[in-house]
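Data from entry.cif: mmCIF, C-alpha atoms
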```
data_start
#
loop_
_atom_site.label_atom_id
_atom_site.label_comp_id
_atom_site.auth_asym_id
_atom_site.auth_seq_id
_atom_site.Cartn_x
_atom_site.Cartn_y
_atom_site.Cartn_z
CA MET A 118 91.55 203.72 139.44
CA SER A 119 90.70 200.31 138.11
CA CYS A 120 93.09 197.86 139.71
CA ASP A 121 91.55 196.33 142.83
CA PHE A 122 94.94 195.78 144.37
CA THR A 123 95.46 199.51 144.95
CA ARG A 124 92.59 199.37 147.41
CA THR A 125 93.68 196.30 149.33
CA VAL A 126 96.80 194.20 148.94
CA LEU A 127 98.98 197.21 148.13
CA HIS A 128 98.48 198.45 151.69
CA GLY A 129 99.28 195.09 153.23
CA TYR A 130 102.45 195.09 151.14
CA LEU A 131 103.33 198.64 152.13
CA ASP A 132 102.82 197.79 155.80
CA GLY A 133 104.77 194.54 155.61
CA GLU A 134 101.70 192.57 156.66
CA LEU A 135 101.55 190.12 153.75
CA ASP A 136 103.01 186.66 154.14
CA ALA A 137 105.96 185.65 151.96
CA THR A 138 103.75 184.19 149.21
CA GLY A 139 101.41 187.16 149.13
CA ALA A 140 104.29 189.62 149.00
CA ALA A 141 105.99 187.71 146.16
CA GLU A 142 102.71 187.58 144.21
CA PHE A 143 102.18 191.29 144.61
CA GLU A 144 105.74 192.02 143.51
CA ARG A 145 105.13 190.04 140.33
CA HIS A 146 101.91 191.99 139.79
CA LEU A 147 103.77 195.28 140.32
CA GLU A 148 106.04 194.55 137.38
CA SER A 149 103.12 194.64 134.98
CA CYS A 150 100.69 197.09 136.65
CA ARG A 151 101.66 200.73 136.20
CA GLU A 152 98.73 201.87 138.28
CA CYS A 153 99.88 199.92 141.32
CA ALA A 154 103.47 201.06 140.83
CA THR A 155 102.37 204.72 140.78
CA ALA A 156 100.02 204.23 143.73
CA LEU A 157 102.76 202.50 145.73
CA GLY A 158 105.11 205.40 145.00
CA ALA A 159 102.47 207.86 146.20
CA GLU A 160 101.81 205.87 149.39
CA GLU A 161 105.51 205.59 150.14
CA SER A 162 105.94 209.31 149.66
CA LEU A 163 103.00 210.02 151.96
CA ARG A 164 104.37 207.66 154.58
CA SER A 165 107.79 209.24 154.57
CA SER A 166 106.18 212.69 154.86
CA LEU A 167 104.18 211.54 157.88
CA GLN A 168 107.19 210.01 159.54
CA ARG A 169 109.61 212.82 158.78
CA SER A 170 107.25 215.61 159.73
CA GLY A 171 107.64 215.30 163.48
CA LEU A 172 103.89 214.95 164.00
CA TYR A 173 104.39 212.63 166.96
CA GLU A 174 103.73 214.55 170.15
CA ASN A 175 105.36 213.44 173.37
CA ALA A 176 103.67 213.83 176.73
CA PRO A 177 104.54 217.13 178.43
CA MET A 178 106.48 217.08 181.71
CA ALA A 179 103.56 218.59 183.61
CA LEU A 180 101.37 215.63 182.63
CA ARG A 181 103.97 213.15 183.89
CA LYS A 182 104.01 214.89 187.26
CA LYS A 183 100.24 214.97 187.54
CA ILE A 184 100.01 211.27 186.72
CA ARG A 185 102.62 210.37 189.31
CA ALA A 186 100.66 212.31 191.90
CA GLY A 187 97.48 210.52 190.81
CA LEU A 188 99.19 207.13 191.10
CA ASP A 189 100.46 208.01 194.58
CA ALA A 190 96.92 208.83 195.65
CA ALA A 191 95.60 205.55 194.29
CA THR A 192 98.28 203.34 195.87
CA ALA A 193 97.47 201.84 199.26
CA SER A 194 100.78 202.28 201.09
CA SER A 195 101.02 205.98 200.32
CA ARG A 196 97.65 206.85 201.77
CA GLY A 197 99.26 207.74 205.06
CA ILE A 198 98.26 204.64 207.00
CA ARG A 199 100.08 204.56 210.33
CA ILE A 200 102.37 201.60 210.59
CA PRO A 201 102.94 200.24 214.11
CA ALA A 202 106.56 200.18 215.32
CA TRP A 203 106.65 196.39 215.76
CA ARG A 204 105.81 195.98 212.09
CA LEU A 205 108.66 198.22 211.07
CA ILE A 206 111.03 196.13 213.17
CA ALA A 207 109.68 192.96 211.58
CA VAL A 208 110.20 194.45 208.15
CA ALA A 209 113.77 195.47 209.04
CA ALA A 210 114.49 191.95 210.27
CA ALA A 211 113.08 190.47 207.07
CA VAL A 212 115.24 192.78 204.99
CA LEU A 213 118.34 191.67 206.92
CA ILE A 214 117.51 188.02 206.44
CA VAL A 215 116.95 188.46 202.72
CA ALA A 216 120.15 190.47 202.42
CA GLY A 217 122.05 187.73 204.28
CA VAL A 218 120.68 185.00 202.09
CA SER A 219 121.46 186.88 198.90
CA TRP A 220 124.96 187.61 200.15
CA PHE A 221 125.68 183.90 200.42
CA SER A 222 124.12 183.00 197.14
CA TRP A 223 125.52 185.96 195.22
CA PRO A 224 128.86 184.66 193.83
CA GLY A 225 127.32 181.58 192.23
CA PRO A 226 126.32 182.21 188.63
CA ALA A 227 122.78 181.40 187.60
CA LYS A 228 122.56 177.66 187.17
CA ASP A 229 121.45 177.40 183.59
CA GLY A 230 122.91 180.69 182.48
CA ALA A 231 120.00 180.84 180.09
CA SER A 232 118.04 183.94 180.77
CA THR A 233 120.67 186.03 182.51
CA ALA A 234 121.46 188.44 179.73
CA PRO A 235 123.23 191.57 180.97
CA PHE A 236 120.44 193.80 179.68
CA THR A 237 116.68 193.88 179.90
CA VAL A 238 114.12 193.21 177.22
CA ALA A 239 112.91 196.79 177.55
CA GLU A 240 116.41 198.04 176.76
CA ILE A 241 116.62 195.83 173.69
CA ILE A 242 113.24 197.02 172.44
CA ASP A 243 114.11 200.65 173.14
CA ALA A 244 117.40 200.31 171.29
CA HIS A 245 115.64 198.67 168.35
CA VAL A 246 112.90 201.30 168.20
CA ARG A 247 115.46 204.11 168.53
CA SER A 248 117.44 202.67 165.63
CA LEU A 249 114.37 202.90 163.40
CA GLN A 250 114.06 206.64 163.86
CA PRO A 251 115.33 208.58 160.88
CA GLY A 252 119.11 208.78 160.73
CA HIS A 253 119.70 206.42 163.66
CA LEU A 254 119.91 203.07 161.94
CA THR A 255 123.55 202.86 160.94
CA ASP A 256 126.82 204.62 161.70
CA VAL A 257 128.40 202.79 158.81
CA ALA A 258 126.03 201.98 155.98
CA SER A 259 127.40 199.26 153.78
CA THR A 260 126.37 195.93 152.42
CA ASP A 261 130.01 194.92 152.37
CA GLN A 262 131.05 192.92 155.42
CA HIS A 263 134.67 193.86 154.70
CA SER A 264 133.97 197.52 155.30
CA VAL A 265 131.58 197.09 158.23
CA LYS A 266 133.91 194.88 160.26
CA PRO A 267 136.99 197.15 160.16
CA TRP A 268 134.76 200.11 161.02
CA PHE A 269 134.28 198.69 164.52
CA ASN A 270 138.08 198.56 165.01
CA GLY A 271 139.18 200.87 167.78
CA LYS A 272 135.59 201.73 168.68
CA LEU A 273 134.97 198.63 170.76
CA ALA A 274 137.14 196.45 172.96
CA PHE A 275 136.13 193.40 170.92
CA VAL A 276 135.69 192.47 167.29
CA PRO A 277 132.16 191.45 166.41
CA PRO A 278 131.80 188.78 163.73
CA VAL A 279 130.25 190.45 160.67
CA LYS A 280 128.84 188.47 157.77
CA ASP A 281 126.52 189.35 154.96
CA PHE A 282 123.67 186.90 154.32
CA ALA A 283 122.26 188.50 151.18
CA ASP A 284 122.25 185.17 149.36
CA GLU A 285 120.12 183.69 152.12
CA GLY A 286 117.68 186.63 152.01
CA PHE A 287 119.15 188.71 154.86
CA PRO A 288 121.28 191.43 153.27
CA LEU A 289 123.60 193.33 155.62
CA VAL A 290 122.60 196.99 155.80
CA GLY A 291 125.37 198.28 158.03
CA GLY A 292 126.60 198.60 161.59
CA ARG A 293 126.24 200.92 164.55
CA LEU A 294 127.52 201.48 168.06
CA ASP A 295 124.89 201.22 170.75
CA VAL A 296 124.69 201.03 174.53
CA LEU A 297 122.91 198.23 176.39
CA GLY A 298 122.90 197.71 180.13
CA GLY A 299 125.53 200.43 180.41
CA GLN A 300 128.04 198.85 178.08
CA ASN A 301 129.04 199.54 174.52
CA VAL A 302 127.80 196.96 172.08
CA ALA A 303 127.96 196.41 168.34
CA ALA A 304 124.68 196.51 166.47
CA LEU A 305 124.61 194.72 163.13
CA VAL A 306 121.73 195.70 160.90
CA TYR A 307 120.14 193.28 158.47
CA SER A 308 117.06 193.66 156.35
CA ARG A 309 114.40 191.17 155.47
CA ARG A 310 111.84 192.32 152.86
CA LYS A 311 111.79 195.96 153.97
CA HIS A 312 111.89 195.00 157.66
CA ILE A 313 114.90 195.80 159.78
CA ILE A 314 116.59 193.30 162.08
CA ASN A 315 119.04 194.51 164.70
CA VAL A 316 121.54 192.01 166.06
CA PHE A 317 123.28 193.24 169.19
CA VAL A 318 126.67 191.67 169.90
CA LEU A 319 128.78 191.96 173.03
CA PRO A 320 131.49 189.83 174.66
CA THR A 321 130.62 187.42 177.45
CA ARG A 322 132.47 185.00 179.75
CA GLU A 323 129.53 182.65 179.99
CA THR A 324 129.50 179.32 178.20
CA ASP A 325 127.80 178.78 174.86
CA THR A 326 124.05 178.29 174.78
CA PRO A 327 121.73 177.13 172.04
CA ILE A 328 119.41 179.68 170.42
CA HIS A 329 116.81 180.34 173.11
CA PRO A 330 113.07 180.20 172.43
CA PRO A 331 111.63 183.43 171.06
CA GLY A 332 110.44 186.31 173.22
CA LEU A 333 107.63 188.60 172.18
CA ARG A 334 106.58 191.99 173.44
CA GLN A 335 104.94 195.04 171.87
CA GLY A 336 104.92 193.30 168.54
CA TYR A 337 108.68 192.75 168.53
CA GLN A 338 110.30 189.32 168.57
CA TRP A 339 113.75 188.50 169.80
CA ARG A 340 116.13 185.55 169.90
CA HIS A 341 119.07 185.33 172.24
CA TRP A 342 122.11 183.04 172.26
CA ARG A 343 125.78 182.81 173.26
CA ARG A 344 128.46 181.49 171.04
CA GLN A 345 132.25 181.49 171.32
CA GLY A 346 132.55 184.23 173.89
CA MET A 347 129.93 186.49 172.31
CA GLU A 348 126.42 187.23 173.41
CA TYR A 349 123.86 187.82 170.65
CA CYS A 350 120.37 189.21 170.66
CA ALA A 351 118.45 189.55 167.38
CA ILE A 352 115.27 191.63 167.44
CA SER A 353 112.77 192.67 164.78
CA ASP A 354 109.14 192.81 163.80
CA VAL A 355 109.63 190.04 161.24
CA SER A 356 108.10 186.63 161.91
CA ASP A 357 109.87 184.37 164.34
CA SER A 358 110.66 181.85 161.61
CA ASP A 359 112.60 184.56 159.73
CA LEU A 360 114.38 185.61 162.88
CA TYR A 361 115.25 182.03 163.74
CA GLU A 362 116.61 181.51 160.24
CA LEU A 363 118.98 184.46 160.64
CA ALA A 364 119.96 183.29 164.14
CA GLN A 365 120.85 179.87 162.72
CA LEU A 366 122.92 181.45 159.93
CA MET A 367 124.86 183.48 162.46
CA TYR A 368 125.23 180.53 164.83
CA GLN A 369 127.13 178.43 162.28
CA MET B 280 80.27 202.83 182.16
CA PRO B 281 81.78 199.44 183.04
CA VAL B 282 85.32 199.61 181.75
CA GLN B 283 85.85 195.86 181.66
CA ALA B 284 83.21 195.54 179.00
CA VAL B 285 85.40 197.41 176.55
CA LEU B 286 88.64 195.64 177.44
CA PRO B 287 88.68 192.35 175.59
CA MET B 288 92.27 191.68 176.68
CA SER B 289 91.24 191.50 180.30
CA GLY B 290 88.75 188.69 179.77
CA SER B 291 88.98 186.79 183.03
CA ASP B 292 88.32 189.59 185.47
CA GLN B 293 84.73 190.25 184.60
CA GLY B 294 82.84 191.79 187.45
CA LYS B 295 85.84 192.23 189.67
CA GLY B 296 85.83 196.01 189.52
CA GLU B 297 88.40 198.32 190.96
CA ASP B 298 91.17 197.06 193.16
CA VAL B 299 93.12 198.65 195.92
CA LEU B 300 96.63 198.62 194.58
CA ASP B 301 99.79 198.20 196.60
CA ALA B 302 103.42 199.14 196.09
CA GLN B 303 104.06 195.96 194.13
CA ASP B 304 101.28 196.77 191.65
CA ARG B 305 102.63 200.27 191.41
CA ALA B 306 106.13 199.04 190.56
CA ARG B 307 104.77 196.67 187.91
CA PHE B 308 102.60 199.41 186.45
CA GLU B 309 105.54 201.78 186.28
CA GLN B 310 107.57 199.16 184.49
CA LEU B 311 104.95 197.91 182.03
CA VAL B 312 102.43 200.66 181.36
CA LEU B 313 103.86 204.04 182.29
CA PRO B 314 106.59 203.87 179.61
CA HIS B 315 103.77 204.14 177.05
CA LEU B 316 102.63 207.53 178.28
CA ASP B 317 103.95 209.22 175.13
CA ALA B 318 101.93 206.83 172.99
CA ALA B 319 98.86 207.53 175.12
CA PHE B 320 99.27 211.27 174.86
CA ASN B 321 99.98 211.20 171.13
CA LEU B 322 96.85 209.16 170.38
CA ALA B 323 94.70 211.45 172.55
CA ARG B 324 96.20 214.54 170.96
CA TRP B 325 95.28 213.35 167.46
CA LEU B 326 91.84 212.10 168.42
CA LEU B 327 90.90 215.29 170.27
CA ARG B 328 92.97 217.73 168.16
CA SER B 329 93.88 219.71 171.23
CA ARG B 330 96.91 219.49 173.47
CA ALA B 331 95.16 220.86 176.55
CA ASP B 332 92.18 218.48 176.37
CA SER B 333 94.50 215.56 175.60
CA GLN B 334 96.45 216.18 178.79
CA ASP B 335 93.26 215.82 180.83
CA VAL B 336 92.04 212.79 178.91
CA ALA B 337 95.45 211.04 178.88
CA GLN B 338 95.68 211.57 182.62
CA GLU B 339 92.21 210.20 183.19
CA ALA B 340 92.93 207.19 180.96
CA MET B 341 96.24 206.46 182.68
CA LEU B 342 94.66 206.53 186.13
CA ARG B 343 91.78 204.41 184.91
CA ALA B 344 94.29 201.91 183.52
CA TYR B 345 95.94 201.85 186.94
CA ARG B 346 92.68 201.23 188.78
CA PHE B 347 91.96 198.28 186.52
CA PHE B 348 95.56 197.12 186.29
CA ARG B 349 94.93 193.79 188.04
CA GLY B 350 92.72 192.93 185.09
CA PHE B 351 95.77 193.10 182.83
CA HIS B 352 97.17 189.61 182.55
CA GLY B 353 100.34 190.27 180.58
CA GLY B 354 100.69 190.59 176.84
CA ASP B 355 100.88 193.81 174.90
CA ALA B 356 100.77 196.59 177.51
CA ARG B 357 100.89 199.36 174.92
CA ALA B 358 97.84 198.02 173.06
CA TRP B 359 96.03 197.49 176.36
CA LEU B 360 96.70 201.08 177.43
CA LEU B 361 95.88 202.58 174.02
CA GLN B 362 92.56 200.75 174.05
CA ILE B 363 91.68 202.50 177.30
CA VAL B 364 92.93 205.83 175.97
CA ARG B 365 90.83 205.46 172.84
CA ASN B 366 87.70 204.61 174.81
CA THR B 367 88.27 207.52 177.15
CA CYS B 368 88.72 209.83 174.14
CA TYR B 369 85.48 208.66 172.52
CA THR B 370 83.56 209.07 175.75
CA TRP B 371 84.95 212.58 176.00
CA LEU B 372 84.07 213.36 172.38
CA GLU B 373 80.51 212.04 172.79
CA LYS B 374 80.06 214.35 175.71
CA ASN B 375 81.82 217.44 174.42
CA ARG B 376 81.77 217.28 170.61
CA PRO B 377 79.08 214.80 169.54
CA VAL B 378 78.91 216.22 166.00
CA GLU B 379 82.41 214.99 165.22
CA LEU B 380 81.42 211.38 165.74
CA MET B 381 78.53 211.50 163.32
CA THR B 382 80.55 210.90 160.16
CA GLU B 383 79.99 207.43 158.78
CA PHE B 384 83.10 205.31 158.81
CA ASP B 385 81.99 202.82 156.19
CA GLU B 386 81.96 205.37 153.47
CA GLU B 387 82.58 203.99 150.00
CA LEU B 388 85.99 204.33 148.51
CA HIS B 389 85.54 206.82 145.72
CA PRO B 390 87.39 206.22 142.51
CA GLN B 391 89.80 209.04 141.94
CA PRO B 392 92.77 209.56 139.68
CA SER B 393 95.90 208.54 141.53
CA THR B 394 97.92 211.43 142.77
CA SER B 395 101.47 211.59 141.55
CA PRO B 396 104.13 210.83 144.13
CA GLU B 397 105.77 214.17 143.28
CA ALA B 398 102.66 216.24 143.99
CA LEU B 399 102.20 214.40 147.27
CA ALA B 400 105.80 214.87 148.26
CA ILE B 401 105.44 218.61 147.82
CA ALA B 402 102.15 218.82 149.72
CA GLY B 403 103.41 216.49 152.45
CA ASP B 404 106.55 218.50 152.98
CA ASN B 405 104.65 221.17 154.83
CA ARG B 406 104.10 220.17 158.45
CA GLU B 407 101.24 222.61 158.98
CA ARG B 408 99.41 221.41 155.90
CA LEU B 409 99.92 217.79 156.88
CA THR B 410 98.59 218.48 160.38
CA ARG B 411 95.51 220.24 159.02
CA ALA B 412 94.86 217.51 156.45
CA LEU B 413 95.07 214.81 159.12
CA GLU B 414 92.79 216.80 161.41
CA THR B 415 90.10 217.16 158.74
CA LEU B 416 89.68 213.37 158.56
CA PRO B 417 86.93 211.77 160.63
CA PRO B 418 88.32 210.39 163.92
CA ARG B 419 87.99 206.78 162.79
CA PHE B 420 90.22 207.39 159.79
CA ARG B 421 92.57 209.54 161.78
CA GLU B 422 93.12 206.94 164.47
CA VAL B 423 94.15 204.10 162.14
CA LEU B 424 96.66 206.40 160.43
CA VAL B 425 98.09 207.66 163.70
CA LEU B 426 98.38 204.13 165.08
CA ARG B 427 100.00 202.80 161.93
CA GLU B 428 102.23 205.67 160.76
CA LEU B 429 103.14 207.48 163.97
CA GLU B 430 102.88 204.69 166.52
CA GLY B 431 104.07 201.86 164.23
CA CYS B 432 101.36 199.44 165.35
CA SER B 433 100.84 196.14 163.55
CA TYR B 434 97.45 195.28 162.05
CA LYS B 435 96.85 192.97 164.99
CA GLU B 436 97.48 195.76 167.47
CA ILE B 437 95.33 198.21 165.53
CA ALA B 438 92.52 195.66 165.53
CA SER B 439 92.69 195.17 169.27
CA ILE B 440 92.97 198.89 170.04
CA THR B 441 90.18 200.10 167.76
CA ALA B 442 87.91 197.04 167.95
CA ILE B 443 87.90 196.77 164.13
CA PRO B 444 88.00 193.14 162.96
CA ILE B 445 91.57 192.32 161.91
CA GLY B 446 90.42 191.44 158.40
CA THR B 447 89.24 194.99 157.79
CA VAL B 448 92.26 196.89 159.14
CA MET B 449 93.89 196.82 155.70
CA SER B 450 90.88 198.31 153.92
CA ALA B 451 90.33 200.85 156.72
CA LEU B 452 93.92 202.00 156.20
CA ALA B 453 93.41 202.08 152.44
CA ARG B 454 90.39 204.37 152.84
CA ALA B 455 92.11 206.54 155.41
CA ARG B 456 95.15 207.00 153.20
CA GLN B 457 93.01 207.88 150.23
CA ARG B 458 91.17 210.48 152.30
CA LEU B 459 94.42 211.94 153.52
CA GLN B 460 95.82 212.19 149.99
CA ARG B 461 92.67 213.92 148.87
CA ALA B 462 92.71 216.32 151.83
CA LEU B 463 96.35 217.12 151.15
CA THR B 464 96.16 217.72 147.44
CA HIS B 465 92.69 219.28 147.29
CA ALA B 466 93.45 221.66 150.10
CA SER B 467 96.51 222.91 148.32
CA PRO B 468 95.08 225.67 146.03
CA GLN B 469 92.88 227.03 148.81
CA GLU B 470 95.68 226.86 151.35
CA ALA B 471 98.00 228.50 148.89
CA SER B 472 95.63 231.44 148.36
CA ARG B 473 95.10 231.77 152.08
CA GLU B 474 98.80 231.88 152.66
CA LEU B 475 99.27 234.76 150.20
#
```

Show me the file's structure as structure tokens.
Amino acid sequence: MSCDFTRTVLHGYLDGELDATGAAEFERHLESCRECATALGAEESLRSSLQRSGLYENAPMALRKKIRAGLDAATASSRGIRIPAWRLIAVAAAVLIVAGVSWFSWPGPAKDGASTAPFTVAEIIDAHVRSLQPGHLTDVASTDQHSVKPWFNGKLAFVPPVKDFADEGFPLVGGRLDVLGGQNVAALVYSRRKHIINVFVLPTRETDTPIHPPGLRQGYQWRHWRRQGMEYCAISDVSDSDLYELAQLMYQ
Amino acid sequence: MPVQAVLPMSGSDQGKGEDVLDAQDRARFEQLVLPHLDAAFNLARWLLRSRADSQDVAQEAMLRAYRFFRGFHGGDARAWLLQIVRNTCYTWLEKNRPVELMTEFDEELHPQPSTSPEALAIAGDNRERLTRALETLPPRFREVLVLRELEGCSYKEIASITAIPIGTVMSALARARQRLQRALTHASPQEASREL
């Protein structure tokens, strides 16, 4: 082993942690360095073994139960404190008041309509993570928008707009059916330098919005917008600037 | 041991100690932290190499996280929890298996001929062999691999969970991967004869 890159940059490249310039530089280096090419092949093979092998161990049911019991014991209200009757009545009254107020305010839609997506961030992240598990990414794998779009026909009550952005650096990988907030949605899958971007699409009656500021949780970024009767949410581990670029392409 | 001292993400609560938590805290905890129980268990299982011990340690870590939950001011709940799990695991190891922690982490990267992708693919195809190879690595190599390859953590998350400076996560992974390759391919003849 003589090439220094096999010990450093190669791993950043493999893990998608290099910036665009660094990744491009390493790709140029790869063309001429056989050692790095072989080492990268070996690392990729090792990675796929680790990920395919089912080494991940989920928490057993018994542990979940024990933890819930432990949490109960550590939470104040469940320590068996006696609550006087007048307090219960006060609580009941408060509940009624709150219920009354929400009843009157219920029919009005949220004023800005901005952050009222019909699904939660946790659902989006779960759906994205689930899609990355082996064999879950696409129901129809194709880089051809003309075969992905018709595939959704008859599977959904709407037709999601499907476009390939390979020329702009976001090749279409395929499409998938998914469920968010209890409703069927279309998931369009794009790739960006080995990273996967899921764009969830579903119909909406709300008015158009601009592309909202990015959200970030657990290392995933998302961008949400509404356009011409469709609600979009793009999520990935790519940088926000990449995600925003794709959002802008789709917004046009 | 003061837990806050090892939780850099909970900077502003120094000296506050344990809180009495109410139903609202509980609901927030269930929403933000509890969903990462699988991640917590998986990390403990690989650090301790035992399902039974990991159940105890994951439970202890989860309840500890709950007791100090008011010190969590948003951000990456999974990394915050895994940090606590990792610390709990190391405390447990120090007490129960101190010998395991004595391997030096900053071992030099030994030059070795690169293994062919084909040979690795064959060795890596066997789940048992892969498990054993991973378990022979020192805990500090094992944890970066588990966090990266099984948990899908970014370098930034690995840095905050393991308290390695972010600039050295890449080289730590490089060393860990080299060790794993060596363990996989070198173990093969011996394993093969044992299996006969």

Subject >> Residue hits in chain A, query chain B, radius 10 Å, all atoms listed in the file, as a VMD selection string >> reply: chain A and resid 118 to 119 123 to 130 132 to 134 152 to 153 155 to 177 179 to 181 183 to 185 187 to 189 191 to 195 239 246 333 to 337 354

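Our summary of the geometry notes that atom CA of Ala344 of chain B is positioned 18.4 Å from atom CA of Leu326 of chain B.
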
Original post:
How would you write, as a PyMOL selection string, the residues chosen by the PyMOL selection byres ((chain A and resi 268-277) around 12) on this structure?
Top reply: chain A and resi 255-259+261-267+278-280+291-296+300-305+316-321+344-349+367

Original post:
Ile241 of chain A: which residues within 9 Å, counting only C-alpha atoms, same-chain residues fewer than 6 positions away excluded, as a PyMOL selection string?
Top reply: chain A and resi 297+317+339+350+352

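Here atom CA of Ala351 of chain A is placed at a distance of 5.7 Å from atom CA of Asn315 of chain A.
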
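What separates atom CA of Ser356 of chain A from atom CA of Ser308 of chain A is a distance of 12.7 Å.
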